[in-house]
Each structure stands twice: as C-alpha cells, then as structure tokens.
Amino acid sequence: MKKTVVLTVNDVKYQETLPNNLTLLEYLRESVGLKGVKEGCGMGDCGACTVLLDGTPVNACLTLAVEADGCQVTTIEGLCKDGRMSELQQAFIEHGAVQCGYCSPGMILTSQGLLAENPNPTEPDVRRALAGNLCRCTGYDSIVAAVLDVAGRRRDKQEETG
Amino acid sequence: MPALKPFLYERPSSLEQLGALLADHAGMVPGYLSGGTDLLVAMRTGKDSPELVVDLKGLPNLRGISRCEDGKLWIGALTTIHSLEVNETIRSRITLLFEAAQSLGSWQVRNRGTIGGNLANGAPTANTAAPLLALDAEILTWSPVGKRRIPVASFWLGARKTALHTGEIITGVDIPLKHGSSSAYTKLGPRKAMDIAIASAAVVLRLDREIIQEVRIALGGAGPTPLRAHSAEAYLTGRPALGENLIQAGKLAASESNPRTSPRATREYRLSVIPVLVERSVRSALKRQEGLAEENGGKSR
C-alpha cells in the first residue's frame, strides 16, 4: 500500500515511493532527515509540526505524505539561505523569543506565512495567526514582538527604497 | 503518537472515477479525506480506521465561492475555512458564516479544513453548522445513484449522524442571499481561540420600523444535532427589538434545548449560557441592521 509521489522540499525535488500511512511529519523527519519539524501533540493542537505547504502553514502531523504530491514544502531548514538566517529567525534571537526552542520552528514558519499574506499585521493579527502554535515556556510576548519588528523593518526598508 | 494503520489510498480525478472506485471496493466504507483535520485525528487516536481512504481533493469543480443567477451563493465543498473568512461577499453579506469561519480552530486547521468536511463530520458544535441552519441553506450531494439537494433542516439526524448515505459526498452548499437581512454568530469556548464550542448561537434577522419582521435562530451544542429555536423565533417575530423581548427569546431558546453533559461542560451550564448567547447574537445582528439602513440611505424607515 504505497504510492509514488513527486514533491519539492526546501527547493529540492524528491521522487519517492511512500507508504500511504506515512504522515508528512514522519516523512520529513525520518526520510528526509529534517529534524526541525517537531511532533508535539500529533493531533493538530500545538503547531510544533507546522510546515509551509505551497506557502501556507499547515500541521504536518495531519497531512499524509502522499497528499503532498506535486506540492512545495518548506521547513525551518529551508529558511536559511547560504548559511544565513532569515529575518524572522534573526529577530527571534534578538528578542529572546527562543527559550527551549521546541515551538520555534513552527512559530517562525507560521509567522513567515502570515507576513506573506499580510505584510502589515497588527498585534491582534499576529496573536490570532499564532493561536495554533503553543509555547510551553509561555514566551509569547517576545515572539509577537519579534514578528512585529520584522514587519516594521520591512516597511521601513520599503519606504527608503520606494 | 503511534503510526497510522495501513490503508488503501485513492485520489480520483472525476466523479466517474470515484463511482468506479466505490464499485470496485463495494463492501468497504470509505474514509473521505478533504482537509484531514478531523479524519486524521480520528485515525491517529484509533477512533476510526478506514481500510480505504479516498482523497477528494483531486475532484474538479468542488472549490470556490460564487454568486448564482438565482440570488444564491454557492460554496464548493472543498473550499477551505480560511477561504471563507477572507471572502468579501461572506464577510459583508453573511457575516455569521464569516464569524464562524474565523473562530474555527487554528490558522493551520483553517488552511486545510473544508466546509464540506465540517458539515459531513456531523458534530452538533461544528462551527459552520448552526450558521447554515439559520441561513436555510441547502446541502448538495453526489453519490453513484445520483445527486441530491438536502435542506439543512433535515441534514442532521442524531449525534454525529447525518443524512449522507455510505459513499455519498457533499459537493457544495447553496445559501439564499436575502436583501435587508443581517446576521451574527456567537460561540462560547473554554479558550478565546482554538477550541470547540461549548455552545453557540447563529441568528439571521430582518428589521423594519423597529419591529423584527423575520428571524431565524440556530443553536450549536444545545442538543445531539444543531437545532432551530422555533419558539424563540415565533416570539420575536412581530415584536419590537427591546431588551426584555430578547431576554424572553433567550429563555425560550434554552427551553427548546436538550444539551448533554460532556467533558467540555455540563448540561446545566449549557442551559444557562444559551440565553446569553442568543441575546448577544440577536443584539449584534440588530446592530448590523443599522449599517444596512445607512447603506440604503434610510430607505427602510
């Protein structure tokens, strides 16, 4: 009970024959080796397994790997370009928004999805978007501040160049 | 979480293919997969273990939101909950469905979960259920024996039981758009976000010269199925929109309810919050009538 699929993970194309009952989470961690994708609850409540599927945040624990056939998947590992962290990753560090770190990949990917859809989010927008990402260390304020900071910096940059 | 049990996975790309597939696997009860936010949870927790999982996402023409010539709004079954909350027609014309979509689960879940799945699930607290009941919508279905148009009022048969036959799928919903109506959805959950409702109230109404001309009230979590509060509706119809009338309507809605005690809340708690939810929804819908009157240049006065 397997299926052959073609999917792109962090800009790399994979052709795979995968068991139907493999979740996208299991595939990314165990087959591709991307350990930045975390399993928390396994039921879509905690958001630790968040990945971007065609740019949109989804729970990888509630997605079958075979459902990602033909899709673009982005994990936290895909945000580093040429060994340099993305703006959001950098801002999370600067704001002390990383404590134990378990929720951070999911938090950053959801935030990435948010800023792509809404470049000018308000604080309630950020909190609403991140409602499905739980931080057990409860460092929410610094996480929200980091996201708003990136949005603000991008705005400033645009004003300068625009 | 333990791994999922093995299953056959099929992704038909037409209804004909789906029909052939069902014929080939006669005797198997297919687990229909659209967003997977309910099915995969049920499979991971062992509540459901279908031998055949049929992914509906390959079916054409089951996605989107469009105005029909007959004044109805069609929403394809595979339309995600997130697509509902960002749609301008839904936001402005059927605000209660916007509010229901916006308060469903997390963004991740809204990005995957679909309106068809939320209805087929059959939960009495499903966010889109009470709004569609208050809107007098119709559920469109397909099965190998033909298409059906099911009025929402006869869609829910019992706890998690719907009028869908084995193998039958929801293809979409038709919502009548009525001029002069305003609406609201109020949901009470243990948390502000990310939670299933303890109870909810959906209201659609039309006001003229301060008198409620028409009102439909649907409740979620108030019984084994989403239900209409008919006596509350009858009481409000023809009466002025005064606080005392709204309180009485809320009491009547609770008297028509038959909620259960569940881990989420007791029967008694639900009965005591239903009047409050009804009153709040009616009040927000009334407030939105003011907006409508302004849009029409006060024509309704």
# chains A, B, ... in the order shown; residues from 1 in each chain; ligands from 1
>>> interface_residues(of="chain A", to="chain B", cutoff="10 Å", atoms="only C-alpha atoms", output="VMD selection string")
chain A and resid 1 to 3 19 to 23 26 39 to 47 50 to 53 56 to 64 66 to 67 110 114 127 to 133
>>> select_by_dssp(residues="stretch 7-184 of chain B", states="helix (DSSP H, G or I)", output="PyMOL selection string")
chain B and resi 15-24+39-44+56-58+81-85+88-93+95-102+107-112+115-120+129-134+152-154
>>> write_last_selection(atoms="C-alpha atoms", output="tab-separated table (two decimals), in the first residue's frame")
chain	number	residue	atom	x	y	z
B	15	LEU	CA	-16.86	11.75	-10.12
B	16	GLU	CA	-16.93	8.92	-12.69
B	17	GLN	CA	-13.64	7.66	-11.31
B	18	LEU	CA	-14.99	7.94	-7.79
B	19	GLY	CA	-18.05	5.91	-8.81
B	20	ALA	CA	-15.88	3.20	-10.37
B	21	LEU	CA	-13.68	3.17	-7.30
B	22	LEU	CA	-16.64	2.68	-4.97
B	23	ALA	CA	-17.92	-0.16	-7.18
B	24	ASP	CA	-14.50	-1.83	-7.11
B	39	LEU	CA	-10.24	12.29	9.79
B	40	LEU	CA	-6.52	12.13	10.55
B	41	VAL	CA	-7.15	12.92	14.24
B	42	ALA	CA	-9.75	10.14	14.38
B	43	MET	CA	-7.30	7.75	12.66
B	44	ARG	CA	-4.40	8.69	14.90
B	56	LEU	CA	-11.43	14.12	-2.58
B	57	LYS	CA	-9.02	16.96	-3.37
B	58	GLY	CA	-8.46	15.74	-6.92
B	81	ILE	CA	-12.44	27.52	6.10
B	82	HIS	CA	-9.73	30.13	5.57
B	83	SER	CA	-11.12	30.94	2.11
B	84	LEU	CA	-14.47	31.64	3.79
B	85	GLU	CA	-13.01	34.08	6.29
B	88	GLU	CA	-15.66	39.74	0.83
B	89	THR	CA	-19.21	38.58	-0.01
B	90	ILE	CA	-19.26	36.30	3.02
B	91	ARG	CA	-17.81	38.99	5.26
B	92	SER	CA	-20.35	41.62	4.23
B	93	ARG	CA	-23.46	39.63	3.29
B	95	THR	CA	-21.39	37.85	8.42
B	96	LEU	CA	-22.36	34.96	10.70
B	97	LEU	CA	-20.54	32.50	8.46
B	98	PHE	CA	-17.51	34.78	8.44
B	99	GLU	CA	-17.59	34.84	12.26
B	100	ALA	CA	-17.98	31.07	12.40
B	101	ALA	CA	-15.07	30.52	9.98
B	102	GLN	CA	-12.86	32.97	11.79
B	107	TRP	CA	-4.98	29.05	11.14
B	108	GLN	CA	-3.22	25.81	10.22
B	109	VAL	CA	-6.52	23.94	10.61
B	110	ARG	CA	-8.48	26.61	8.71
B	111	ASN	CA	-5.95	26.33	5.87
B	112	ARG	CA	-6.71	22.61	5.48
B	115	ILE	CA	-16.74	23.44	4.74
B	116	GLY	CA	-17.79	20.05	3.34
B	117	GLY	CA	-15.76	18.22	5.95
B	118	ASN	CA	-17.01	20.41	8.78
B	119	LEU	CA	-20.61	19.52	7.81
B	120	ALA	CA	-20.09	15.83	6.99
B	129	ALA	CA	-23.44	24.03	11.07
B	130	ALA	CA	-25.60	26.44	13.09
B	131	PRO	CA	-24.96	29.34	10.68
B	132	LEU	CA	-26.08	27.27	7.68
B	133	LEU	CA	-29.16	26.16	9.60
B	134	ALA	CA	-30.05	29.78	10.39
B	152	VAL	CA	-30.03	21.71	6.13
B	153	ALA	CA	-33.00	21.29	8.47
B	154	SER	CA	-33.12	17.60	7.53
>>> residues_around(residues="A:Val9", least_positions_apart="6", cutoff="9 Å", atoms="only C-alpha atoms", output="PDB file with C-alpha atoms, in the first residue's frame")
ATOM      1  CA  LEU A  28      10.210  14.934   6.672  1.00  0.00           C
ATOM      2  CA  VAL A  32      14.491  13.496   4.552  1.00  0.00           C
ATOM      3  CA  CYS A  71       3.463  20.423  -3.646  1.00  0.00           C
ATOM      4  CA  GLN A  72       6.218  22.690  -2.379  1.00  0.00           C
ATOM      5  CA  VAL A  73       7.086  22.042   1.253  1.00  0.00           C
ATOM      6  CA  THR A  74       9.145  24.478   3.326  1.00  0.00           C
ATOM      7  CA  THR A  75      10.572  23.591   6.724  1.00  0.00           C
ATOM      8  CA  GLY A  78      14.618  25.947   4.171  1.00  0.00           C
TER       9      GLY A  78
END
>>> atom_distance(atom1="atom CA of B:Val204", atom2="atom CA of B:Ala234")
13.5 Å
>>> atom_distance(atom1="atom CA of B:Ile75", atom2="atom CA of B:Ala123")
19.7 Å
>>> closest_residue(among="A:Leu25, A:Ile108, A:Ala145, A:Ala151", to="A:Met85", atoms="only C-alpha atoms")
A:Ile108
>>> residues_around(residues="A:Glu16", least_positions_apart="4", cutoff="9 Å", atoms="only C-alpha atoms", output="JSON, numbers by chain")
{"A": [3, 4, 5, 6, 7]}
>>> write_last_selection(atoms="all heavy atoms", output="short mmCIF file (atom, residue, chain, number, x, y, z; two decimals), in the first residue's frame")
data_model
loop_
_atom_site.label_atom_id
_atom_site.label_comp_id
_atom_site.auth_asym_id
_atom_site.auth_seq_id
_atom_site.Cartn_x
_atom_site.Cartn_y
_atom_site.Cartn_z
N LYS A 3 2.56 4.57 -2.67
CA LYS A 3 2.25 5.42 -3.82
C LYS A 3 3.52 6.19 -4.19
O LYS A 3 4.30 6.57 -3.32
CB LYS A 3 1.14 6.39 -3.43
CG LYS A 3 0.55 7.13 -4.61
CD LYS A 3 -0.65 7.96 -4.18
CE LYS A 3 -1.29 8.68 -5.34
NZ LYS A 3 -0.77 9.97 -5.67
N THR A 4 3.70 6.41 -5.48
CA THR A 4 4.86 7.18 -5.91
C THR A 4 4.46 8.64 -6.07
O THR A 4 3.46 8.94 -6.72
CB THR A 4 5.41 6.61 -7.23
OG1 THR A 4 5.79 5.25 -6.98
CG2 THR A 4 6.63 7.38 -7.71
N VAL A 5 5.22 9.49 -5.44
CA VAL A 5 4.89 10.92 -5.48
C VAL A 5 6.14 11.73 -5.83
O VAL A 5 7.27 11.26 -5.66
CB VAL A 5 4.35 11.43 -4.12
CG1 VAL A 5 3.03 10.78 -3.78
CG2 VAL A 5 5.35 11.21 -3.00
N VAL A 6 5.90 12.94 -6.32
CA VAL A 6 7.00 13.87 -6.58
C VAL A 6 6.68 15.13 -5.78
O VAL A 6 5.60 15.70 -5.91
CB VAL A 6 7.10 14.22 -8.08
CG1 VAL A 6 8.22 15.24 -8.31
CG2 VAL A 6 7.34 12.97 -8.90
N LEU A 7 7.59 15.52 -4.91
CA LEU A 7 7.36 16.74 -4.15
C LEU A 7 8.66 17.51 -4.00
O LEU A 7 9.75 16.95 -4.18
CB LEU A 7 6.71 16.44 -2.80
CG LEU A 7 7.51 15.80 -1.69
CD1 LEU A 7 6.76 15.88 -0.37
CD2 LEU A 7 7.80 14.33 -1.98
#
>>> residues_around(residues="A:Ser104", least_positions_apart="4", cutoff="12 Å", atoms="only C-alpha atoms", output="MDAnalysis selection string")
chainID A and resid 36:38 46:51 75:77 88:93 96:100 108:112 130 133:140 142:143 146
>>> atom_distance(atom1="atom CA of B:Gly223", atom2="atom CA of B:Arg160")
11.2 Å
>>> residues_around(residues="B:Gly76", least_positions_apart="2", cutoff="9 Å", atoms="only C-alpha atoms", output="list in words")
Asn61, Leu62, Arg63, Gly64, Ile65, Ser66, Trp74, Leu78, Thr79, Ile115, Gly116, Ile170, Thr171, Gly172, Val173 and Asp174 of chain B
>>> write_last_selection(atoms="C-alpha atoms", output="mmCIF file, in the first residue's frame")
data_model
loop_
_atom_site.group_PDB
_atom_site.id
_atom_site.type_symbol
_atom_site.label_atom_id
_atom_site.label_comp_id
_atom_site.auth_asym_id
_atom_site.auth_seq_id
_atom_site.Cartn_x
_atom_site.Cartn_y
_atom_site.Cartn_z
ATOM 1 C CA ASN B 61 -15.252 21.985 -9.636
ATOM 2 C CA LEU B 62 -15.800 21.445 -5.925
ATOM 3 C CA ARG B 63 -13.866 24.504 -4.813
ATOM 4 C CA GLY B 64 -14.774 28.176 -4.768
ATOM 5 C CA ILE B 65 -17.433 30.679 -3.802
ATOM 6 C CA SER B 66 -19.728 32.151 -6.447
ATOM 7 C CA TRP B 74 -22.682 28.583 -3.899
ATOM 8 C CA LEU B 78 -13.604 21.594 -0.826
ATOM 9 C CA THR B 79 -13.443 25.326 -0.075
ATOM 10 C CA ILE B 115 -16.742 23.441 4.744
ATOM 11 C CA GLY B 116 -17.789 20.052 3.338
ATOM 12 C CA ILE B 170 -21.105 16.674 -0.161
ATOM 13 C CA THR B 171 -20.330 18.677 -3.297
ATOM 14 C CA GLY B 172 -21.318 22.094 -2.010
ATOM 15 C CA VAL B 173 -23.852 24.287 -0.262
ATOM 16 C CA ASP B 174 -26.337 26.799 -1.644
#
>>> select_by_dssp(residues="stretch 37-149 of chain B", states="strand (DSSP E)", output="count of residues only")
22
>>> closest_residue(among="B:Leu73, B:Ile169, B:Ala253, B:Leu271", to="B:Val145", atoms="only C-alpha atoms")
B:Ile169
